[in-house]
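Source file: start_33.txt. Holds: compact mmCIF, C-alpha atoms.
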# COMPACT_ATOMS: atom_id res chain seq x y z
CA ALA A 102 -110.84 -90.64 16.60
CA GLN A 103 -111.13 -94.04 15.04
CA THR A 104 -113.26 -94.53 11.95
CA VAL A 105 -114.57 -97.63 10.23
CA THR A 106 -115.42 -97.72 6.54
CA GLN A 107 -117.47 -100.30 4.72
CA SER A 108 -117.38 -99.41 1.05
CA GLN A 109 -119.99 -101.90 -0.13
CA PRO A 110 -123.53 -100.80 0.78
CA GLU A 111 -124.94 -103.97 -0.75
CA MET A 112 -123.62 -107.35 -1.85
CA SER A 113 -125.27 -110.45 -3.21
CA VAL A 114 -124.19 -114.06 -3.42
CA GLN A 115 -125.61 -117.31 -4.70
CA GLU A 116 -126.43 -119.94 -2.17
CA ALA A 117 -123.42 -122.23 -1.51
CA GLU A 118 -121.02 -119.71 -3.00
CA THR A 119 -118.41 -117.59 -1.22
CA VAL A 120 -118.60 -113.86 -0.62
CA THR A 121 -116.17 -111.36 0.89
CA LEU A 122 -117.26 -108.21 2.68
CA SER A 123 -114.75 -105.36 2.94
CA CYS A 124 -113.87 -103.20 5.92
CA THR A 125 -111.13 -100.68 6.46
CA TYR A 126 -110.43 -98.64 9.54
CA ASP A 127 -108.31 -95.76 10.65
CA THR A 128 -106.47 -95.67 13.93
CA SER A 129 -103.18 -94.62 15.44
CA GLU A 130 -103.31 -97.36 18.03
CA SER A 131 -101.31 -100.55 17.71
CA ASP A 132 -103.49 -102.64 19.97
CA TYR A 133 -107.23 -102.94 19.40
CA TYR A 134 -110.11 -105.28 18.65
CA LEU A 135 -112.08 -105.75 15.46
CA PHE A 136 -115.48 -107.35 15.12
CA TRP A 137 -118.03 -108.39 12.55
CA TYR A 138 -121.64 -108.26 13.67
CA LYS A 139 -124.67 -109.61 11.84
CA GLN A 140 -128.05 -107.88 12.05
CA PRO A 141 -130.80 -110.00 10.45
CA PRO A 142 -134.27 -108.63 9.72
CA SER A 143 -135.17 -109.24 13.36
CA ARG A 144 -132.67 -106.43 14.16
CA GLN A 145 -130.95 -108.54 16.83
CA MET A 146 -127.21 -107.88 16.68
CA ILE A 147 -125.18 -111.07 16.69
CA LEU A 148 -121.42 -111.32 17.04
CA VAL A 149 -119.99 -113.22 14.08
CA ILE A 150 -116.28 -113.05 14.68
CA ARG A 151 -113.68 -111.17 16.69
CA GLN A 152 -110.02 -110.43 16.03
CA GLU A 153 -107.38 -109.13 18.40
CA ALA A 154 -104.88 -106.91 16.60
CA TYR A 155 -101.90 -108.46 18.34
CA LYS A 156 -102.74 -111.86 16.92
CA GLN A 157 -101.31 -112.48 13.47
CA GLN A 158 -103.49 -115.49 12.86
CA ASN A 159 -106.78 -114.73 11.17
CA ALA A 160 -109.84 -115.63 13.22
CA THR A 161 -112.24 -118.27 11.95
CA GLU A 162 -115.68 -119.42 13.10
CA ASN A 163 -117.01 -122.31 11.05
CA ARG A 164 -117.95 -120.85 7.64
CA PHE A 165 -116.83 -117.36 8.62
CA SER A 166 -113.23 -116.20 8.42
CA VAL A 167 -111.43 -112.91 8.27
CA ASN A 168 -108.48 -111.56 6.34
CA PHE A 169 -106.80 -109.20 8.77
CA GLN A 170 -104.16 -107.00 7.18
CA LYS A 171 -102.86 -104.81 10.00
CA ALA A 172 -100.48 -102.71 7.94
CA ALA A 173 -103.19 -101.98 5.42
CA LYS A 174 -105.79 -101.50 8.18
CA SER A 175 -108.08 -103.90 6.41
CA PHE A 176 -110.42 -106.47 7.97
CA SER A 177 -112.53 -108.35 5.45
CA LEU A 178 -115.06 -111.08 6.22
CA LYS A 179 -115.33 -114.18 4.08
CA ILE A 180 -118.48 -116.25 4.20
CA SER A 181 -118.08 -119.69 2.66
CA ASP A 182 -120.90 -121.96 1.52
CA SER A 183 -123.40 -119.12 1.88
CA GLN A 184 -126.79 -120.04 3.27
CA LEU A 185 -130.13 -118.28 3.02
CA GLY A 186 -129.92 -117.57 6.74
CA ASP A 187 -126.79 -115.52 6.17
CA ALA A 188 -128.86 -112.78 4.56
CA ALA A 189 -128.54 -109.75 6.84
CA MET A 190 -126.80 -106.45 7.44
CA TYR A 191 -123.18 -106.96 8.39
CA PHE A 192 -121.39 -104.37 10.47
CA CYS A 193 -117.68 -104.07 11.00
CA ALA A 194 -116.71 -102.57 14.36
CA TYR A 195 -113.59 -101.32 16.13
CA ARG A 196 -112.81 -101.09 19.81
CA SER A 197 -109.82 -99.75 21.68
CA PRO A 198 -108.47 -101.78 24.58
CA TYR A 199 -110.03 -100.69 27.85
CA ARG A 200 -106.62 -100.07 29.41
CA LEU A 201 -105.94 -97.40 26.76
CA SER A 202 -109.31 -95.76 26.38
CA GLY A 203 -111.06 -96.48 29.66
CA SER A 204 -114.05 -97.36 27.51
CA GLU A 205 -115.63 -100.39 25.89
CA LYS A 206 -117.08 -98.24 23.13
CA LEU A 207 -117.68 -99.88 19.77
CA VAL A 208 -117.28 -97.81 16.61
CA PHE A 209 -119.36 -99.24 13.78
CA GLY A 210 -119.12 -98.95 10.02
CA LYS A 211 -122.23 -98.12 7.99
CA GLY A 212 -122.90 -101.73 7.18
CA THR A 213 -123.23 -103.96 4.13
CA LYS A 214 -126.54 -105.52 3.21
CA LEU A 215 -125.98 -109.11 2.08
CA THR A 216 -128.54 -110.84 -0.07
CA VAL A 217 -128.32 -114.59 -0.60
CA ASN A 218 -129.99 -115.82 -3.77
CA PRO A 219 -131.35 -119.37 -3.90
CA GLY B 80 -126.62 -117.69 28.12
CA ALA B 81 -125.90 -113.95 27.96
CA VAL B 82 -129.40 -112.88 26.96
CA VAL B 83 -130.41 -109.24 26.93
CA SER B 84 -134.03 -108.20 26.66
CA GLN B 85 -135.66 -104.88 25.91
CA HIS B 86 -139.15 -103.67 26.65
CA PRO B 87 -141.16 -102.55 24.88
CA SER B 88 -140.18 -103.80 21.45
CA ARG B 89 -142.21 -101.10 19.82
CA VAL B 90 -143.81 -97.90 21.09
CA ILE B 91 -145.82 -95.15 19.46
CA CYS B 92 -146.39 -91.95 21.38
CA LYS B 93 -147.59 -88.42 20.90
CA SER B 94 -145.20 -85.51 20.63
CA GLY B 95 -144.38 -84.05 24.03
CA THR B 96 -144.77 -87.23 26.03
CA SER B 97 -141.98 -89.18 27.73
CA VAL B 98 -141.16 -92.75 26.94
CA LYS B 99 -139.22 -95.24 29.05
CA ILE B 100 -137.34 -98.17 27.54
CA GLU B 101 -136.03 -100.97 29.72
CA CYS B 102 -132.96 -103.08 29.11
CA ARG B 103 -132.42 -106.20 31.18
CA SER B 104 -129.66 -108.78 31.36
CA LEU B 105 -131.56 -111.99 31.99
CA ASP B 106 -128.92 -114.48 32.98
CA PHE B 107 -125.93 -112.43 34.01
CA GLN B 108 -125.01 -109.34 35.96
CA ALA B 109 -124.04 -106.53 33.67
CA THR B 110 -121.61 -104.08 35.15
CA THR B 111 -121.81 -101.90 32.07
CA MET B 112 -124.69 -101.22 29.73
CA PHE B 113 -124.67 -99.26 26.50
CA TRP B 114 -127.39 -97.43 24.61
CA TYR B 115 -127.24 -97.07 20.84
CA ARG B 116 -129.42 -95.34 18.33
CA GLN B 117 -129.90 -96.61 14.80
CA PHE B 118 -131.56 -94.57 12.08
CA PRO B 119 -133.11 -96.38 9.10
CA LYS B 120 -130.52 -98.06 6.91
CA GLN B 121 -127.73 -96.58 8.99
CA SER B 122 -125.20 -97.72 11.52
CA LEU B 123 -125.41 -97.85 15.29
CA MET B 124 -124.31 -94.74 17.10
CA LEU B 125 -123.40 -94.98 20.76
CA MET B 126 -125.44 -92.59 22.88
CA ALA B 127 -124.17 -93.35 26.35
CA THR B 128 -122.46 -95.83 28.61
CA SER B 129 -123.85 -96.58 32.03
CA ASN B 130 -122.35 -98.35 34.99
CA GLU B 131 -124.43 -99.67 37.85
CA GLY B 132 -124.87 -97.12 40.58
CA SER B 133 -123.16 -94.24 38.81
CA LYS B 134 -124.07 -91.53 36.35
CA ALA B 135 -124.08 -92.37 32.67
CA THR B 136 -121.35 -91.11 30.37
CA TYR B 137 -122.86 -89.50 27.30
CA GLU B 138 -121.28 -89.24 23.89
CA GLN B 139 -120.63 -85.83 22.44
CA GLY B 140 -123.77 -84.30 20.98
CA VAL B 141 -126.21 -86.40 23.00
CA GLU B 142 -128.48 -84.32 25.22
CA LYS B 143 -128.31 -85.57 28.78
CA ASP B 144 -131.59 -83.94 29.77
CA LYS B 145 -133.31 -85.36 26.74
CA PHE B 146 -132.15 -88.93 27.11
CA LEU B 147 -132.16 -89.88 30.78
CA ILE B 148 -130.36 -93.08 31.64
CA ASN B 149 -130.68 -94.90 34.92
CA HIS B 150 -128.71 -98.02 35.80
CA ALA B 151 -130.24 -98.89 39.15
CA SER B 152 -129.16 -102.51 39.35
CA LEU B 153 -126.77 -104.96 37.77
CA THR B 154 -129.53 -106.32 35.58
CA LEU B 155 -131.55 -103.25 34.62
CA SER B 156 -130.89 -100.03 32.78
CA THR B 157 -133.57 -97.64 31.57
CA LEU B 158 -133.55 -95.00 28.87
CA THR B 159 -136.19 -92.29 29.15
CA VAL B 160 -136.78 -90.07 26.16
CA THR B 161 -138.24 -86.93 27.68
CA SER B 162 -140.67 -84.68 25.79
CA ALA B 163 -140.29 -86.80 22.70
CA HIS B 164 -140.57 -85.21 19.28
CA PRO B 165 -140.82 -86.74 15.80
CA GLU B 166 -137.07 -86.36 15.26
CA ASP B 167 -136.53 -88.73 18.19
CA SER B 168 -138.19 -91.50 16.21
CA SER B 169 -135.58 -94.19 15.78
CA PHE B 170 -134.51 -97.69 16.71
CA TYR B 171 -132.89 -97.85 20.14
CA ILE B 172 -130.64 -100.77 21.03
CA CYS B 173 -129.03 -101.59 24.32
CA SER B 174 -126.12 -103.88 25.02
CA ALA B 175 -124.52 -105.21 28.15
CA SER B 176 -121.10 -106.48 29.00
CA VAL B 177 -120.34 -108.96 31.71
CA GLY B 178 -117.40 -109.00 34.04
CA LEU B 179 -115.12 -106.38 35.43
CA ALA B 180 -114.62 -103.34 33.25
CA GLY B 181 -112.32 -104.42 30.52
CA ASP B 182 -112.31 -106.12 27.18
CA ASN B 183 -115.56 -107.97 27.51
CA GLU B 184 -117.99 -109.00 24.82
CA GLN B 185 -121.12 -106.93 24.46
CA PHE B 186 -124.44 -108.73 24.20
CA PHE B 187 -127.17 -106.87 22.41
CA GLY B 188 -130.86 -106.56 23.09
CA PRO B 189 -133.44 -106.94 20.30
CA GLY B 190 -134.05 -103.20 20.10
CA THR B 191 -137.01 -100.88 20.57
CA ARG B 192 -138.63 -99.01 17.74
CA LEU B 193 -139.86 -95.60 18.86
CA THR B 194 -142.29 -93.67 16.70
CA VAL B 195 -143.27 -90.18 17.81
CA LEU B 196 -146.33 -88.75 16.13

Would you put the structure from the file into structure tokens?
Amino acid sequence: AQTVTQSQPEMSVQEAETVTLSCTYDTSESDYYLFWYKQPPSRQMILVIRQEAYKQQNATENRFSVNFQKAAKSFSLKISDSQLGDAAMYFCAYRSPYRLSGSEKLVFGKGTKLTVNP
Amino acid sequence: GAVVSQHPSRVICKSGTSVKIECRSLDFQATTMFWYRQFPKQSLMLMATSNEGSKATYEQGVEKDKFLINHASLTLSTLTVTSAHPEDSSFYICSASVGLAGDNEQFFGPGTRLTVL
């Protein structure tokens, strides 16, 4: 079974600075999807960024980018120019391709609480 | 687009009663819906996957008779916690994916906080 590990329970960053959240995963599959989700105090889960394992290019979405190291099974999230609204729980998640697993199941890490200091 | 709602957002009930939580896709037809449980300061754990018109697929360790899931239409799935007890108190989140079964994005509802006294 796949597992996702987020080793940083909490992180803090100064407004306008850059922060990197770590995520590692364990899988025997070569094709899969990785995600970062944001859960603000409202508890609404929001997709931040998605990466397909077969793509070598790291995904980016505005101020959010990932460092995907497939051989190391590492998938870190970099938030640039941090804003107060970025404060939230961030969850890393893994999903097998449907054609392999017959499922769209997401496996989540335990999350990292990000605090943004003004 | 791709909005998922849940009702109620918060419910408090007495031990032994049953509670129904609704999950609706407001602007799309969801072929698959998912139910997660999140304990305080912990991650989301998938409870079950439901497809419209068929029985839900439960994850290992989840009691089917305890957590009844009905996916009667392409826009509505319900989770009923039967004979709720204090240990069932948790945050329940649903999500829905659009399109044919495959590698679709999941859109999450805002969650329902259940407190069993």

Practice task
Define the interface residues of chain B facing chain A as those within 10 Å, counting all atoms listed in the file, and report them as a list in words.
Solution key: Thr111, Met112, Phe113, Lys120, Gln121, Ser122, Leu123, Met124, Leu125, Ala127, Thr128, Glu138, Phe170, Ile172, Ser174, Ser176, Ala180, Gly181, Asp182, Asn183, Glu184, Gln185, Phe186, Phe187, Gly188, Pro189, Gly190 and Thr191 of chain B

Exercise for the section: Measuring atom to atom with all atoms listed in the file, identify which of B:Gln108, B:Asn149, B:Val177, B:Glu101 is nearest to B:Arg89. Expected result: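 Counting all atoms listed in the file, the residue closest to B:Arg89 is B:Glu101.
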
Problem - Gap from atom CA of B:His150 to atom CA of B:Tyr171 - Å, one decimal - result: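 Between atom CA of B:His150 and atom CA of B:Tyr171 the gap is 16.2 Å.
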
Exercise for the section: Find the distance between atom CA of B:Asp167 and atom CA of B:Trp114 and write it in Å to one decimal. Expected result: 14.2 Å

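Taking atom CA of B:Asp106 and atom CA of B:Gln85 as endpoints, the distance between them is 13.7 Å.
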
Completion step: stretch 128-159 of chain A with N, CA and C atoms as a PDB file, in the frame of the given file:
ATOM      1  N   THR A 128    -106.824 -95.809  12.532  1.00  0.00           N
ATOM      2  CA  THR A 128    -106.470 -95.670  13.930  1.00  0.00           C
ATOM      3  C   THR A 128    -104.980 -95.425  14.054  1.00  0.00           C
ATOM      4  N   SER A 129    -104.590 -94.810  15.143  1.00  0.00           N
ATOM      5  CA  SER A 129    -103.180 -94.620  15.440  1.00  0.00           C
ATOM      6  C   SER A 129    -102.702 -95.590  16.514  1.00  0.00           C
ATOM      7  N   GLU A 130    -103.640 -96.394  16.994  1.00  0.00           N
ATOM      8  CA  GLU A 130    -103.310 -97.360  18.030  1.00  0.00           C
ATOM      9  C   GLU A 130    -102.728 -98.624  17.425  1.00  0.00           C
ATOM     10  N   SER A 131    -101.909 -99.307  18.196  1.00  0.00           N
ATOM     11  CA  SER A 131    -101.310-100.550  17.710  1.00  0.00           C
ATOM     12  C   SER A 131    -102.025-101.777  18.270  1.00  0.00           C
ATOM     13  N   ASP A 132    -102.774-101.544  19.343  1.00  0.00           N
ATOM     14  CA  ASP A 132    -103.490-102.640  19.970  1.00  0.00           C
ATOM     15  C   ASP A 132    -104.982-102.292  19.970  1.00  0.00           C
ATOM     16  N   TYR A 133    -105.789-103.203  19.488  1.00  0.00           N
ATOM     17  CA  TYR A 133    -107.230-102.940  19.400  1.00  0.00           C
ATOM     18  C   TYR A 133    -107.954-104.235  19.071  1.00  0.00           C
ATOM     19  N   TYR A 134    -109.268-104.143  19.000  1.00  0.00           N
ATOM     20  CA  TYR A 134    -110.110-105.280  18.650  1.00  0.00           C
ATOM     21  C   TYR A 134    -110.968-104.928  17.444  1.00  0.00           C
ATOM     22  N   LEU A 135    -111.204-105.910  16.624  1.00  0.00           N
ATOM     23  CA  LEU A 135    -112.080-105.750  15.460  1.00  0.00           C
ATOM     24  C   LEU A 135    -113.166-106.817  15.503  1.00  0.00           C
ATOM     25  N   PHE A 136    -114.341-106.440  15.052  1.00  0.00           N
ATOM     26  CA  PHE A 136    -115.480-107.350  15.120  1.00  0.00           C
ATOM     27  C   PHE A 136    -116.284-107.288  13.815  1.00  0.00           C
ATOM     28  N   TRP A 137    -116.959-108.379  13.539  1.00  0.00           N
ATOM     29  CA  TRP A 137    -118.030-108.390  12.550  1.00  0.00           C
ATOM     30  C   TRP A 137    -119.303-108.806  13.279  1.00  0.00           C
ATOM     31  N   TYR A 138    -120.341-107.972  13.101  1.00  0.00           N
ATOM     32  CA  TYR A 138    -121.640-108.260  13.670  1.00  0.00           C
ATOM     33  C   TYR A 138    -122.639-108.477  12.531  1.00  0.00           C
ATOM     34  N   LYS A 139    -123.590-109.344  12.782  1.00  0.00           N
ATOM     35  CA  LYS A 139    -124.670-109.610  11.840  1.00  0.00           C
ATOM     36  C   LYS A 139    -125.965-109.069  12.426  1.00  0.00           C
ATOM     37  N   GLN A 140    -126.734-108.357  11.612  1.00  0.00           N
ATOM     38  CA  GLN A 140    -128.050-107.880  12.050  1.00  0.00           C
ATOM     39  C   GLN A 140    -129.091-108.376  11.040  1.00  0.00           C
ATOM     40  N   PRO A 141    -129.761-109.473  11.351  1.00  0.00           N
ATOM     41  CA  PRO A 141    -130.800-110.000  10.450  1.00  0.00           C
ATOM     42  C   PRO A 141    -132.034-109.124  10.500  1.00  0.00           C
ATOM     43  N   PRO A 142    -133.043-109.433   9.715  1.00  0.00           N
ATOM     44  CA  PRO A 142    -134.270-108.630   9.720  1.00  0.00           C
ATOM     45  C   PRO A 142    -134.896-108.456  11.100  1.00  0.00           C
ATOM     46  N   SER A 143    -134.651-109.378  12.002  1.00  0.00           N
ATOM     47  CA  SER A 143    -135.170-109.240  13.360  1.00  0.00           C
ATOM     48  C   SER A 143    -134.519-108.092  14.126  1.00  0.00           C
ATOM     49  N   ARG A 144    -133.429-107.559  13.597  1.00  0.00           N
ATOM     50  CA  ARG A 144    -132.670-106.430  14.160  1.00  0.00           C
ATOM     51  C   ARG A 144    -131.793-106.827  15.345  1.00  0.00           C
ATOM     52  N   GLN A 145    -131.797-108.092  15.724  1.00  0.00           N
ATOM     53  CA  GLN A 145    -130.950-108.540  16.830  1.00  0.00           C
ATOM     54  C   GLN A 145    -129.503-108.616  16.375  1.00  0.00           C
ATOM     55  N   MET A 146    -128.637-107.871  17.020  1.00  0.00           N
ATOM     56  CA  MET A 146    -127.210-107.880  16.680  1.00  0.00           C
ATOM     57  C   MET A 146    -126.558-109.148  17.205  1.00  0.00           C
ATOM     58  N   ILE A 147    -125.826-109.808  16.328  1.00  0.00           N
ATOM     59  CA  ILE A 147    -125.180-111.070  16.690  1.00  0.00           C
ATOM     60  C   ILE A 147    -123.704-110.977  16.344  1.00  0.00           C
ATOM     61  N   LEU A 148    -122.853-111.315  17.300  1.00  0.00           N
ATOM     62  CA  LEU A 148    -121.420-111.320  17.040  1.00  0.00           C
ATOM     63  C   LEU A 148    -121.067-112.490  16.125  1.00  0.00           C
ATOM     64  N   VAL A 149    -120.395-112.185  15.032  1.00  0.00           N
ATOM     65  CA  VAL A 149    -119.990-113.220  14.080  1.00  0.00           C
ATOM     66  C   VAL A 149    -118.578-113.679  14.376  1.00  0.00           C
ATOM     67  N   ILE A 150    -117.681-112.706  14.525  1.00  0.00           N
ATOM     68  CA  ILE A 150    -116.280-113.050  14.680  1.00  0.00           C
ATOM     69  C   ILE A 150    -115.530-111.870  15.293  1.00  0.00           C
ATOM     70  N   ARG A 151    -114.462-112.185  15.989  1.00  0.00           N
ATOM     71  CA  ARG A 151    -113.680-111.170  16.690  1.00  0.00           C
ATOM     72  C   ARG A 151    -112.200-111.427  16.428  1.00  0.00           C
ATOM     73  N   GLN A 152    -111.456-110.330  16.287  1.00  0.00           N
ATOM     74  CA  GLN A 152    -110.020-110.430  16.030  1.00  0.00           C
ATOM     75  C   GLN A 152    -109.265-109.481  16.944  1.00  0.00           C
ATOM     76  N   GLU A 153    -108.251-109.992  17.616  1.00  0.00           N
ATOM     77  CA  GLU A 153    -107.380-109.130  18.400  1.00  0.00           C
ATOM     78  C   GLU A 153    -106.224-108.703  17.503  1.00  0.00           C
ATOM     79  N   ALA A 154    -105.890-107.439  17.521  1.00  0.00           N
ATOM     80  CA  ALA A 154    -104.880-106.910  16.600  1.00  0.00           C
ATOM     81  C   ALA A 154    -103.500-107.500  16.836  1.00  0.00           C
ATOM     82  N   TYR A 155    -103.228-107.937  18.058  1.00  0.00           N
ATOM     83  CA  TYR A 155    -101.900-108.460  18.340  1.00  0.00           C
ATOM     84  C   TYR A 155    -101.721-109.895  17.835  1.00  0.00           C
ATOM     85  N   LYS A 156    -102.816-110.499  17.443  1.00  0.00           N
ATOM     86  CA  LYS A 156    -102.740-111.860  16.920  1.00  0.00           C
ATOM     87  C   LYS A 156    -102.580-111.823  15.396  1.00  0.00           C
ATOM     88  N   GLN A 157    -101.545-112.463  14.912  1.00  0.00           N
ATOM     89  CA  GLN A 157    -101.310-112.480  13.470  1.00  0.00           C
ATOM     90  C   GLN A 157    -102.235-113.459  12.765  1.00  0.00           C
ATOM     91  N   GLN A 158    -102.642-114.486  13.472  1.00  0.00           N
ATOM     92  CA  GLN A 158    -103.490-115.490  12.860  1.00  0.00           C
ATOM     93  C   GLN A 158    -104.894-114.962  12.661  1.00  0.00           C
ATOM     94  N   ASN A 159    -105.419-115.170  11.466  1.00  0.00           N
ATOM     95  CA  ASN A 159    -106.780-114.730  11.170  1.00  0.00           C
ATOM     96  C   ASN A 159    -107.794-115.584  11.914  1.00  0.00           C
TER      97      ASN A 159
END
